[in-house]
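Participant: Data: query34.cif, mmCIF, N, CA and C atoms and all ligand atoms.
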data_protein
#
loop_
_atom_site.label_atom_id
_atom_site.label_comp_id
_atom_site.auth_asym_id
_atom_site.auth_seq_id
_atom_site.Cartn_x
_atom_site.Cartn_y
_atom_site.Cartn_z
N MET A 1 -4.06 -8.93 25.08
CA MET A 1 -2.74 -8.93 24.44
C MET A 1 -1.73 -8.23 25.38
N THR A 2 -0.55 -8.81 25.51
CA THR A 2 0.45 -8.18 26.36
C THR A 2 1.14 -7.04 25.60
N ASP A 3 1.86 -6.19 26.35
CA ASP A 3 2.60 -5.09 25.72
C ASP A 3 3.59 -5.61 24.68
N LEU A 4 4.24 -6.74 25.04
CA LEU A 4 5.25 -7.31 24.14
C LEU A 4 4.59 -7.77 22.83
N GLN A 5 3.44 -8.43 22.95
CA GLN A 5 2.74 -8.89 21.74
C GLN A 5 2.30 -7.71 20.89
N GLU A 6 1.89 -6.63 21.56
CA GLU A 6 1.49 -5.44 20.81
C GLU A 6 2.67 -4.83 20.08
N LEU A 7 3.83 -4.83 20.75
CA LEU A 7 5.04 -4.31 20.12
C LEU A 7 5.38 -5.14 18.89
N TYR A 8 5.35 -6.47 19.04
CA TYR A 8 5.68 -7.36 17.93
C TYR A 8 4.71 -7.13 16.77
N GLN A 9 3.42 -6.98 17.11
CA GLN A 9 2.44 -6.78 16.05
C GLN A 9 2.68 -5.46 15.32
N SER A 10 3.08 -4.43 16.07
CA SER A 10 3.30 -3.14 15.41
C SER A 10 4.51 -3.19 14.49
N VAL A 11 5.54 -3.97 14.85
CA VAL A 11 6.70 -4.12 13.96
C VAL A 11 6.28 -4.83 12.68
N ILE A 12 5.46 -5.88 12.82
CA ILE A 12 5.00 -6.63 11.64
C ILE A 12 4.16 -5.72 10.74
N LEU A 13 3.27 -4.94 11.33
CA LEU A 13 2.43 -4.05 10.52
C LEU A 13 3.26 -2.97 9.83
N ASP A 14 4.29 -2.49 10.52
CA ASP A 14 5.17 -1.48 9.94
C ASP A 14 5.91 -2.04 8.72
N HIS A 15 6.44 -3.28 8.84
CA HIS A 15 7.15 -3.88 7.71
C HIS A 15 6.20 -4.24 6.58
N ASN A 16 4.92 -4.51 6.92
CA ASN A 16 3.93 -4.77 5.87
C ASN A 16 3.64 -3.49 5.09
N ARG A 17 3.50 -2.38 5.81
CA ARG A 17 3.19 -1.10 5.16
C ARG A 17 4.37 -0.55 4.38
N LYS A 18 5.57 -0.70 4.98
CA LYS A 18 6.78 -0.14 4.35
C LYS A 18 7.83 -1.24 4.23
N PRO A 19 7.61 -2.19 3.34
CA PRO A 19 8.56 -3.31 3.26
C PRO A 19 9.96 -2.84 2.84
N ARG A 20 10.98 -3.34 3.54
CA ARG A 20 12.36 -3.03 3.22
C ARG A 20 12.81 -3.95 2.07
N ASN A 21 13.71 -3.45 1.25
CA ASN A 21 14.30 -4.25 0.15
C ASN A 21 13.26 -4.75 -0.83
N PHE A 22 12.17 -3.97 -1.01
CA PHE A 22 11.13 -4.35 -1.96
C PHE A 22 11.47 -3.77 -3.33
N GLY A 23 11.45 -4.62 -4.34
CA GLY A 23 11.71 -4.15 -5.70
C GLY A 23 12.59 -5.14 -6.44
N GLU A 24 12.88 -4.80 -7.68
CA GLU A 24 13.70 -5.69 -8.49
C GLU A 24 15.18 -5.40 -8.26
N LEU A 25 15.99 -6.44 -8.39
CA LEU A 25 17.42 -6.31 -8.17
C LEU A 25 18.16 -6.44 -9.50
N ALA A 26 18.74 -5.34 -9.94
CA ALA A 26 19.52 -5.38 -11.17
C ALA A 26 20.80 -6.17 -10.90
N GLY A 27 21.15 -7.07 -11.81
CA GLY A 27 22.39 -7.83 -11.65
C GLY A 27 22.28 -9.01 -10.70
N ALA A 28 21.05 -9.44 -10.43
CA ALA A 28 20.88 -10.61 -9.56
C ALA A 28 21.47 -11.84 -10.24
N ASN A 29 22.12 -12.71 -9.45
CA ASN A 29 22.63 -13.95 -10.04
C ASN A 29 21.97 -15.20 -9.45
N HIS A 30 21.02 -15.00 -8.55
CA HIS A 30 20.21 -16.11 -8.04
C HIS A 30 18.79 -15.60 -7.85
N SER A 31 17.80 -16.46 -8.13
CA SER A 31 16.43 -16.05 -7.88
C SER A 31 15.54 -17.27 -7.71
N ALA A 32 14.40 -17.06 -7.07
CA ALA A 32 13.42 -18.14 -6.92
C ALA A 32 12.06 -17.54 -6.63
N ASP A 33 11.04 -18.32 -6.96
CA ASP A 33 9.66 -17.95 -6.65
C ASP A 33 9.14 -18.83 -5.52
N GLY A 34 8.32 -18.25 -4.68
CA GLY A 34 7.70 -19.04 -3.63
C GLY A 34 6.22 -18.78 -3.57
N LYS A 35 5.46 -19.83 -3.29
CA LYS A 35 4.00 -19.68 -3.20
C LYS A 35 3.48 -20.42 -1.99
N ASN A 36 2.53 -19.79 -1.35
CA ASN A 36 1.81 -20.45 -0.26
C ASN A 36 0.34 -20.51 -0.67
N PRO A 37 -0.06 -21.62 -1.29
CA PRO A 37 -1.40 -21.70 -1.87
C PRO A 37 -2.52 -21.57 -0.83
N LEU A 38 -2.24 -21.95 0.41
CA LEU A 38 -3.27 -21.90 1.45
C LEU A 38 -3.76 -20.48 1.69
N CYS A 39 -2.83 -19.51 1.56
CA CYS A 39 -3.16 -18.12 1.87
C CYS A 39 -3.17 -17.25 0.62
N GLY A 40 -2.53 -17.75 -0.47
CA GLY A 40 -2.43 -16.94 -1.69
C GLY A 40 -1.21 -16.04 -1.70
N ASP A 41 -0.24 -16.32 -0.82
CA ASP A 41 0.98 -15.51 -0.78
C ASP A 41 1.91 -15.89 -1.93
N HIS A 42 2.52 -14.88 -2.52
CA HIS A 42 3.51 -15.13 -3.57
C HIS A 42 4.70 -14.21 -3.34
N VAL A 43 5.90 -14.77 -3.39
CA VAL A 43 7.10 -13.95 -3.21
C VAL A 43 8.14 -14.35 -4.26
N HIS A 44 8.80 -13.35 -4.80
CA HIS A 44 9.90 -13.59 -5.74
C HIS A 44 11.14 -12.96 -5.12
N ILE A 45 12.17 -13.77 -4.96
CA ILE A 45 13.39 -13.29 -4.30
C ILE A 45 14.55 -13.29 -5.27
N GLU A 46 15.29 -12.19 -5.28
CA GLU A 46 16.47 -12.08 -6.13
C GLU A 46 17.67 -11.78 -5.24
N LEU A 47 18.77 -12.47 -5.53
CA LEU A 47 19.98 -12.32 -4.73
C LEU A 47 21.15 -11.96 -5.62
N HIS A 48 22.09 -11.24 -5.03
CA HIS A 48 23.41 -11.17 -5.64
C HIS A 48 24.37 -11.82 -4.66
N VAL A 49 24.88 -12.99 -5.07
CA VAL A 49 25.81 -13.73 -4.21
C VAL A 49 27.21 -13.51 -4.74
N ASP A 50 28.07 -13.00 -3.87
CA ASP A 50 29.46 -12.70 -4.21
C ASP A 50 30.33 -13.72 -3.51
N GLY A 51 30.84 -14.71 -4.25
CA GLY A 51 31.59 -15.77 -3.59
C GLY A 51 30.67 -16.51 -2.66
N ASP A 52 30.87 -16.33 -1.36
CA ASP A 52 30.06 -17.04 -0.37
C ASP A 52 29.09 -16.10 0.34
N VAL A 53 29.11 -14.82 -0.03
CA VAL A 53 28.35 -13.81 0.72
C VAL A 53 27.15 -13.31 -0.07
N ILE A 54 26.01 -13.20 0.62
CA ILE A 54 24.81 -12.62 0.02
C ILE A 54 24.97 -11.10 0.11
N SER A 55 25.45 -10.51 -0.98
CA SER A 55 25.79 -9.09 -0.90
C SER A 55 24.55 -8.21 -1.09
N GLU A 56 23.55 -8.73 -1.81
CA GLU A 56 22.35 -7.93 -2.03
C GLU A 56 21.14 -8.86 -2.17
N VAL A 57 20.02 -8.43 -1.64
CA VAL A 57 18.81 -9.25 -1.73
C VAL A 57 17.59 -8.34 -1.79
N LYS A 58 16.69 -8.66 -2.71
CA LYS A 58 15.45 -7.89 -2.84
C LYS A 58 14.29 -8.84 -3.12
N PHE A 59 13.09 -8.35 -2.86
CA PHE A 59 11.93 -9.21 -3.14
C PHE A 59 10.79 -8.41 -3.74
N THR A 60 9.95 -9.12 -4.47
CA THR A 60 8.68 -8.57 -4.95
C THR A 60 7.61 -9.62 -4.65
N GLY A 61 6.36 -9.26 -4.88
CA GLY A 61 5.30 -10.23 -4.65
C GLY A 61 4.14 -9.59 -3.92
N HIS A 62 3.21 -10.42 -3.52
CA HIS A 62 2.04 -9.93 -2.80
C HIS A 62 1.57 -11.01 -1.85
N GLY A 63 0.87 -10.61 -0.84
CA GLY A 63 0.37 -11.59 0.12
C GLY A 63 -0.09 -10.92 1.39
N CYS A 64 -0.30 -11.71 2.41
CA CYS A 64 -0.81 -11.19 3.67
C CYS A 64 0.28 -10.43 4.43
N ALA A 65 -0.11 -9.74 5.47
CA ALA A 65 0.82 -8.92 6.25
C ALA A 65 1.98 -9.74 6.80
N ILE A 66 1.69 -10.95 7.26
CA ILE A 66 2.75 -11.79 7.85
C ILE A 66 3.78 -12.17 6.79
N SER A 67 3.32 -12.58 5.61
CA SER A 67 4.27 -13.03 4.58
C SER A 67 5.13 -11.87 4.09
N LYS A 68 4.52 -10.70 3.96
CA LYS A 68 5.26 -9.54 3.46
C LYS A 68 6.25 -9.03 4.51
N ALA A 69 5.80 -8.95 5.76
CA ALA A 69 6.70 -8.51 6.83
C ALA A 69 7.84 -9.50 7.00
N SER A 70 7.55 -10.78 6.82
CA SER A 70 8.60 -11.79 6.97
C SER A 70 9.64 -11.64 5.87
N ALA A 71 9.19 -11.39 4.64
CA ALA A 71 10.14 -11.19 3.53
C ALA A 71 10.97 -9.94 3.78
N SER A 72 10.35 -8.89 4.29
CA SER A 72 11.05 -7.64 4.58
C SER A 72 12.13 -7.86 5.64
N LEU A 73 11.77 -8.56 6.71
CA LEU A 73 12.73 -8.79 7.80
C LEU A 73 13.78 -9.83 7.42
N MET A 74 13.38 -10.82 6.63
CA MET A 74 14.34 -11.83 6.18
C MET A 74 15.42 -11.16 5.32
N THR A 75 15.00 -10.33 4.35
CA THR A 75 15.98 -9.69 3.47
C THR A 75 16.90 -8.77 4.27
N SER A 76 16.33 -8.05 5.25
CA SER A 76 17.16 -7.16 6.07
C SER A 76 18.18 -7.95 6.88
N THR A 77 17.77 -9.16 7.31
CA THR A 77 18.61 -9.97 8.20
C THR A 77 19.74 -10.67 7.45
N VAL A 78 19.45 -11.19 6.25
CA VAL A 78 20.47 -12.03 5.60
C VAL A 78 21.45 -11.23 4.73
N LYS A 79 21.13 -9.97 4.48
CA LYS A 79 22.04 -9.18 3.65
C LYS A 79 23.40 -9.08 4.33
N GLY A 80 24.45 -9.44 3.58
CA GLY A 80 25.80 -9.39 4.14
C GLY A 80 26.22 -10.67 4.84
N LYS A 81 25.29 -11.62 4.96
CA LYS A 81 25.63 -12.89 5.62
C LYS A 81 26.19 -13.89 4.60
N THR A 82 26.91 -14.88 5.12
CA THR A 82 27.37 -15.97 4.25
C THR A 82 26.22 -16.95 4.05
N ARG A 83 26.38 -17.84 3.07
CA ARG A 83 25.39 -18.89 2.83
C ARG A 83 25.15 -19.71 4.11
N ALA A 84 26.24 -20.07 4.78
CA ALA A 84 26.13 -20.91 5.98
C ALA A 84 25.39 -20.17 7.09
N GLU A 85 25.67 -18.88 7.23
CA GLU A 85 24.97 -18.09 8.24
C GLU A 85 23.48 -17.98 7.92
N ALA A 86 23.16 -17.78 6.64
CA ALA A 86 21.76 -17.68 6.23
C ALA A 86 21.03 -18.99 6.47
N GLU A 87 21.71 -20.10 6.17
CA GLU A 87 21.13 -21.42 6.39
C GLU A 87 20.85 -21.66 7.88
N ALA A 88 21.80 -21.26 8.73
CA ALA A 88 21.63 -21.41 10.17
C ALA A 88 20.46 -20.56 10.67
N LEU A 89 20.33 -19.34 10.12
CA LEU A 89 19.21 -18.46 10.49
C LEU A 89 17.88 -19.07 10.06
N PHE A 90 17.88 -19.68 8.87
CA PHE A 90 16.67 -20.35 8.39
C PHE A 90 16.22 -21.42 9.38
N GLN A 91 17.16 -22.22 9.85
CA GLN A 91 16.83 -23.29 10.81
C GLN A 91 16.27 -22.70 12.11
N ARG A 92 16.92 -21.64 12.59
CA ARG A 92 16.48 -21.01 13.83
C ARG A 92 15.08 -20.41 13.67
N PHE A 93 14.87 -19.72 12.53
CA PHE A 93 13.59 -19.08 12.28
C PHE A 93 12.47 -20.11 12.19
N HIS A 94 12.76 -21.21 11.49
CA HIS A 94 11.77 -22.26 11.33
C HIS A 94 11.38 -22.84 12.69
N ALA A 95 12.38 -23.08 13.52
CA ALA A 95 12.10 -23.58 14.88
C ALA A 95 11.30 -22.56 15.68
N LEU A 96 11.63 -21.29 15.50
CA LEU A 96 10.94 -20.22 16.23
C LEU A 96 9.44 -20.20 15.90
N VAL A 97 9.10 -20.23 14.61
CA VAL A 97 7.69 -20.13 14.23
C VAL A 97 6.92 -21.41 14.54
N LEU A 98 7.66 -22.51 14.77
CA LEU A 98 7.00 -23.75 15.20
C LEU A 98 6.94 -23.83 16.72
N GLY A 99 7.47 -22.81 17.41
CA GLY A 99 7.47 -22.82 18.87
C GLY A 99 8.50 -23.76 19.44
N GLN A 100 9.54 -24.09 18.64
CA GLN A 100 10.54 -25.08 19.07
C GLN A 100 11.92 -24.49 19.31
N ASP A 101 12.03 -23.17 19.31
CA ASP A 101 13.35 -22.57 19.55
C ASP A 101 13.57 -22.50 21.04
N PRO A 102 14.67 -23.13 21.52
CA PRO A 102 14.89 -23.19 22.97
C PRO A 102 14.95 -21.81 23.63
N GLN A 103 15.45 -20.82 22.90
CA GLN A 103 15.57 -19.48 23.48
C GLN A 103 14.41 -18.57 23.10
N GLY A 104 13.43 -19.11 22.41
CA GLY A 104 12.28 -18.30 22.01
C GLY A 104 12.66 -17.13 21.13
N GLY A 105 13.78 -17.25 20.43
CA GLY A 105 14.20 -16.21 19.50
C GLY A 105 14.87 -15.02 20.17
N ALA A 106 15.18 -15.17 21.46
CA ALA A 106 15.72 -14.03 22.23
C ALA A 106 16.95 -13.39 21.59
N ASP A 107 17.77 -14.19 20.91
CA ASP A 107 19.01 -13.66 20.32
C ASP A 107 18.89 -13.49 18.80
N LEU A 108 17.67 -13.47 18.30
CA LEU A 108 17.48 -13.41 16.84
C LEU A 108 17.17 -12.01 16.33
N GLY A 109 17.40 -11.01 17.16
CA GLY A 109 17.14 -9.64 16.72
C GLY A 109 15.66 -9.45 16.43
N GLN A 110 15.37 -8.70 15.36
CA GLN A 110 13.98 -8.37 15.06
C GLN A 110 13.14 -9.58 14.67
N LEU A 111 13.79 -10.68 14.28
CA LEU A 111 13.04 -11.87 13.88
C LEU A 111 12.16 -12.38 15.01
N VAL A 112 12.49 -12.00 16.24
CA VAL A 112 11.73 -12.46 17.41
C VAL A 112 10.25 -12.05 17.31
N VAL A 113 9.94 -11.03 16.51
CA VAL A 113 8.55 -10.59 16.41
C VAL A 113 7.63 -11.68 15.85
N PHE A 114 8.24 -12.72 15.23
CA PHE A 114 7.42 -13.80 14.68
C PHE A 114 7.21 -14.95 15.67
N SER A 115 7.69 -14.77 16.91
CA SER A 115 7.55 -15.86 17.89
C SER A 115 6.09 -16.22 18.15
N GLY A 116 5.19 -15.22 18.05
CA GLY A 116 3.77 -15.47 18.32
C GLY A 116 3.09 -16.30 17.24
N VAL A 117 3.75 -16.43 16.08
CA VAL A 117 3.15 -17.17 14.96
C VAL A 117 2.91 -18.64 15.33
N SER A 118 3.74 -19.15 16.26
CA SER A 118 3.61 -20.57 16.61
C SER A 118 2.24 -20.91 17.19
N ARG A 119 1.53 -19.89 17.68
CA ARG A 119 0.18 -20.15 18.21
C ARG A 119 -0.88 -20.22 17.11
N PHE A 120 -0.47 -19.91 15.88
CA PHE A 120 -1.41 -19.90 14.76
C PHE A 120 -0.84 -20.76 13.62
N PRO A 121 -1.02 -22.08 13.72
CA PRO A 121 -0.35 -23.00 12.79
C PRO A 121 -0.54 -22.64 11.32
N VAL A 122 -1.68 -22.11 10.93
CA VAL A 122 -1.92 -21.81 9.53
C VAL A 122 -1.03 -20.65 9.07
N ARG A 123 -0.56 -19.83 10.02
CA ARG A 123 0.29 -18.69 9.69
C ARG A 123 1.77 -19.06 9.58
N VAL A 124 2.12 -20.27 10.02
CA VAL A 124 3.53 -20.68 9.96
C VAL A 124 4.01 -20.67 8.51
N LYS A 125 3.14 -21.12 7.61
CA LYS A 125 3.51 -21.16 6.19
C LYS A 125 3.70 -19.76 5.63
N CYS A 126 2.89 -18.81 6.09
CA CYS A 126 3.03 -17.42 5.65
C CYS A 126 4.39 -16.87 6.09
N ALA A 127 4.73 -17.13 7.35
CA ALA A 127 5.96 -16.58 7.93
C ALA A 127 7.20 -17.23 7.34
N SER A 128 7.12 -18.52 6.98
CA SER A 128 8.33 -19.21 6.53
C SER A 128 8.50 -19.17 5.01
N LEU A 129 7.50 -18.66 4.29
CA LEU A 129 7.58 -18.66 2.81
C LEU A 129 8.85 -17.98 2.28
N ALA A 130 9.14 -16.78 2.78
CA ALA A 130 10.30 -16.05 2.26
C ALA A 130 11.60 -16.82 2.52
N TRP A 131 11.65 -17.51 3.65
CA TRP A 131 12.86 -18.26 4.00
C TRP A 131 13.03 -19.50 3.12
N HIS A 132 11.91 -20.22 2.87
CA HIS A 132 11.98 -21.36 1.96
C HIS A 132 12.42 -20.90 0.57
N THR A 133 11.92 -19.73 0.18
CA THR A 133 12.24 -19.20 -1.15
C THR A 133 13.70 -18.76 -1.21
N LEU A 134 14.20 -18.19 -0.12
CA LEU A 134 15.62 -17.84 -0.04
C LEU A 134 16.49 -19.08 -0.24
N LYS A 135 16.09 -20.15 0.44
CA LYS A 135 16.86 -21.39 0.35
C LYS A 135 16.88 -21.90 -1.09
N ALA A 136 15.72 -21.83 -1.75
CA ALA A 136 15.63 -22.26 -3.15
C ALA A 136 16.51 -21.37 -4.03
N ALA A 137 16.51 -20.07 -3.75
CA ALA A 137 17.30 -19.14 -4.55
C ALA A 137 18.80 -19.41 -4.35
N LEU A 138 19.20 -19.70 -3.12
CA LEU A 138 20.61 -19.99 -2.85
C LEU A 138 21.04 -21.26 -3.57
N ALA A 139 20.13 -22.24 -3.60
CA ALA A 139 20.44 -23.50 -4.30
C ALA A 139 20.30 -23.30 -5.80
N ASP A 140 19.71 -22.15 -6.16
CA ASP A 140 19.47 -21.81 -7.56
C ASP A 140 18.62 -22.86 -8.25
N GLU A 141 17.65 -23.38 -7.51
CA GLU A 141 16.72 -24.33 -8.09
C GLU A 141 15.73 -23.53 -8.92
N ARG A 142 15.61 -23.92 -10.16
CA ARG A 142 14.66 -23.20 -11.02
C ARG A 142 13.28 -23.80 -10.84
N VAL A 143 12.86 -23.83 -9.62
CA VAL A 143 11.54 -24.37 -9.31
C VAL A 143 10.85 -23.42 -8.36
N THR A 144 9.58 -23.60 -8.20
CA THR A 144 8.82 -22.78 -7.28
C THR A 144 8.77 -23.45 -5.92
N ALA A 145 9.22 -22.73 -4.91
CA ALA A 145 9.14 -23.26 -3.55
C ALA A 145 7.71 -23.15 -3.07
N VAL A 146 7.20 -24.22 -2.52
CA VAL A 146 5.84 -24.20 -1.97
C VAL A 146 5.96 -24.59 -0.51
N THR A 147 5.41 -23.77 0.38
CA THR A 147 5.52 -24.10 1.79
C THR A 147 4.55 -25.22 2.12
N THR A 148 5.10 -26.31 2.60
CA THR A 148 4.26 -27.47 2.91
C THR A 148 4.34 -27.85 4.38
N GLU A 149 5.17 -27.15 5.15
CA GLU A 149 5.26 -27.49 6.57
C GLU A 149 5.42 -26.24 7.38
ZN ZN A 201 -0.26 -15.50 4.25
#
Show me the file's structure as structure tokens.
Ligand code: ZN
Facilitator:
Amino acid sequence: MTDLQELYQSVILDHNRKPRNFGELAGANHSADGKNPLCGDHVHIELHVDGDVISEVKFTGHGCAISKASASLMTSTVKGKTRAEAEALFQRFHALVLGQDPQGGADLGQLVVFSGVSRFPVRVKCASLAWHTLKAALADERVTAVTTE
């Protein structure tokens, strides 16, 4: 393992142990559930959307280290962003975990720690679960998001 991969892994383990924005959100006006049946990951995301801005976001749930760290970093990243910015980040993140981001996530801040996921196809669903669920919550679909790709 290279130093960089070790650094990325330690960030993921840190967010798994001490997830940011974990808990229930009082006054949420958007929410969605997400499940990744392949791994048994479950995430519930609650948002407070003010006009066009995601002013607050929290999550609960359980799952593997990758899914939990991804929810922690996703919530930290999209807080304060507009819907359009969050949607653009979702596209970038999805490309990153599939190994299709032209810049390899270089300008994606801490999200870059998930770049190694592309080498483990079964983990892509774990990493993208929180993002699919965010998208469902923004659309306010009262359905359960299931990661299928
Ligand atoms: Zn998982």
Participant: Give as a PyMOL selection string the residues surrounding ligand ZN 201 (chain A) up to a distance of 5 Å, considering only N, CA and C atoms and all ligand atoms.
Facilitator: chain A and resi 39+64+67+126
Participant: What are the nearest atom pairs, with distances in Å to one decimal, for all residues of region 35-65 of chain A that come at most 7 Å from region 11-20 of chain A, using all atoms listed in the file, set out by chain and rising residue number as a Markdown table?
Facilitator:
| residue | atom | partner | partner_atom | distance |
| --- | --- | --- | --- | --- |
| A:Lys58 | CA | A:Arg20 | C | 6.8 |
| A:Phe59 | N | A:Arg20 | C | 6.6 |
| A:Cys64 | C | A:Asn16 | CA | 6.9 |
| A:Ala65 | CA | A:Asn16 | CA | 5.2 |
Participant: Work out how far apart atom C of Ser72 (chain A) and CA of Leu138 (chain A) are and give it in Å to one decimal.
Facilitator: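 Rounded to one decimal, the two atoms are 17.1 Å apart.
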Participant: One decimal, in Å: what's the spacing between atom N of Met74 (chain A) and CA of Gly27 (chain A)?
Facilitator: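 Computed distance, atom N of Met74 (chain A) to CA of Gly27 (chain A), equals 20.6 Å.
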Participant: Could you tell me, as a PyMOL selection string, which residues have any atom at most 5 Å from (7.4, -9.6, 17.4), counting only N, CA and C atoms?
Facilitator: chain A and resi 8-9+112-114
Participant: Mind checking DSSP for region 25-118 of chain A and telling me the alpha helix (DSSP H) residues as a list of chain:residue names?
Facilitator: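 Assigned to alpha helix (DSSP H), within region 25-118 of chain A: A:Ala65, A:Ile66, A:Ser67, A:Lys68, A:Ala69, A:Ser70, A:Ala71, A:Ser72, A:Leu73, A:Met74, A:Thr75, A:Ser76, A:Thr77, A:Val78, A:Arg83, A:Ala84, A:Glu85, A:Ala86, A:Glu87, A:Ala88, A:Leu89, A:Phe90, A:Gln91, A:Arg92, A:Phe93, A:His94, A:Ala95, A:Leu96, A:Val97.
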Participant: Under the rule that only N, CA and C atoms are counted, which of A:Asn36, A:Ser55, A:Asn21, A:Ser118 is the nearest residue to Val97 (chain A)?
Facilitator: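 Closest residue, counting only N, CA and C atoms: A:Ser118.
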Participant: Name the closest residue to Arg83 (chain A) among the candidates A:Ile66, A:Leu129, A:Val53, A:Ala106; distances are taken between atoms, counting all atoms listed in the file.
Facilitator: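 Of all the options, A:Val53 lies closest to Arg83 (chain A).
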Participant: Can you tell me how far CA of Lys81 (chain A) sits from CA of Ile54 (chain A), in Å to one decimal?
Facilitator: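 Computing the Euclidean distance for CA of Lys81 (chain A) and CA of Ile54 (chain A) yields 5.7 Å.
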Participant: Considering only C-alpha atoms, can you say which of A:Gln103, A:Gln91, A:Gln5, A:Thr77 comes closest to Ser128 (chain A)?
Facilitator: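 Ranking A:Gln103, A:Gln91, A:Gln5, A:Thr77 by distance to Ser128 (chain A), first place goes to A:Gln91.
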Participant: Just checking: using only N, CA and C atoms, which residue out of A:Gly61, A:Gly23, A:Gly99, A:Gly51 ends up closest to Val117 (chain A)?
Facilitator: A:Gly99
Participant: Counting only C-alpha atoms, figure out which residue out of A:His48, A:His42, A:Lys35, A:His132 gets nearest to Thr60 (chain A).
Facilitator: A:His42
Participant: Please identify which residues in region 13-148 of chain A DSSP calls strand (DSSP E) from the backbone, and express them as an NGL selection string.
Facilitator: :A and (30-36 or 41-50 or 53-62 or 144-146)
Participant: Mind filling out region 136-141 of chain A with all heavy atoms and sending it as a PDB file, keeping the file's coordinate frame?
Facilitator:
ATOM      1  N   ALA A 136      15.720 -21.830  -1.750  1.00  0.00           N
ATOM      2  CA  ALA A 136      15.630 -22.260  -3.150  1.00  0.00           C
ATOM      3  C   ALA A 136      16.510 -21.370  -4.030  1.00  0.00           C
ATOM      4  O   ALA A 136      17.181 -21.848  -4.944  1.00  0.00           O
ATOM      5  CB  ALA A 136      14.180 -22.221  -3.621  1.00  0.00           C
ATOM      6  N   ALA A 137      16.510 -20.070  -3.750  1.00  0.00           N
ATOM      7  CA  ALA A 137      17.300 -19.140  -4.550  1.00  0.00           C
ATOM      8  C   ALA A 137      18.800 -19.410  -4.350  1.00  0.00           C
ATOM      9  O   ALA A 137      19.575 -19.371  -5.306  1.00  0.00           O
ATOM     10  CB  ALA A 137      16.980 -17.688  -4.181  1.00  0.00           C
ATOM     11  N   LEU A 138      19.200 -19.700  -3.120  1.00  0.00           N
ATOM     12  CA  LEU A 138      20.610 -19.990  -2.850  1.00  0.00           C
ATOM     13  C   LEU A 138      21.040 -21.260  -3.570  1.00  0.00           C
ATOM     14  O   LEU A 138      22.154 -21.365  -4.072  1.00  0.00           O
ATOM     15  CB  LEU A 138      20.856 -20.135  -1.341  1.00  0.00           C
ATOM     16  CG  LEU A 138      20.973 -18.825  -0.569  1.00  0.00           C
ATOM     17  CD1 LEU A 138      21.010 -19.098   0.926  1.00  0.00           C
ATOM     18  CD2 LEU A 138      22.197 -18.032  -0.999  1.00  0.00           C
ATOM     19  N   ALA A 139      20.130 -22.240  -3.600  1.00  0.00           N
ATOM     20  CA  ALA A 139      20.440 -23.500  -4.300  1.00  0.00           C
ATOM     21  C   ALA A 139      20.300 -23.300  -5.800  1.00  0.00           C
ATOM     22  O   ALA A 139      20.707 -24.153  -6.578  1.00  0.00           O
ATOM     23  CB  ALA A 139      19.492 -24.587  -3.820  1.00  0.00           C
ATOM     24  N   ASP A 140      19.710 -22.150  -6.160  1.00  0.00           N
ATOM     25  CA  ASP A 140      19.470 -21.810  -7.560  1.00  0.00           C
ATOM     26  C   ASP A 140      18.620 -22.860  -8.250  1.00  0.00           C
ATOM     27  O   ASP A 140      18.828 -23.191  -9.398  1.00  0.00           O
ATOM     28  CB  ASP A 140      20.772 -21.605  -8.320  1.00  0.00           C
ATOM     29  CG  ASP A 140      20.642 -20.451  -9.320  1.00  0.00           C
ATOM     30  OD1 ASP A 140      19.650 -19.712  -9.251  1.00  0.00           O
ATOM     31  OD2 ASP A 140      21.527 -20.322 -10.164  1.00  0.00           O
ATOM     32  N   GLU A 141      17.650 -23.380  -7.510  1.00  0.00           N
ATOM     33  CA  GLU A 141      16.720 -24.330  -8.090  1.00  0.00           C
ATOM     34  C   GLU A 141      15.730 -23.530  -8.920  1.00  0.00           C
ATOM     35  O   GLU A 141      15.113 -22.591  -8.435  1.00  0.00           O
ATOM     36  CB  GLU A 141      15.956 -25.069  -6.980  1.00  0.00           C
ATOM     37  CG  GLU A 141      16.841 -25.966  -6.148  1.00  0.00           C
ATOM     38  CD  GLU A 141      16.172 -26.357  -4.831  1.00  0.00           C
ATOM     39  OE1 GLU A 141      14.970 -26.073  -4.669  1.00  0.00           O
ATOM     40  OE2 GLU A 141      16.850 -26.937  -3.988  1.00  0.00           O
TER      41      GLU A 141
END
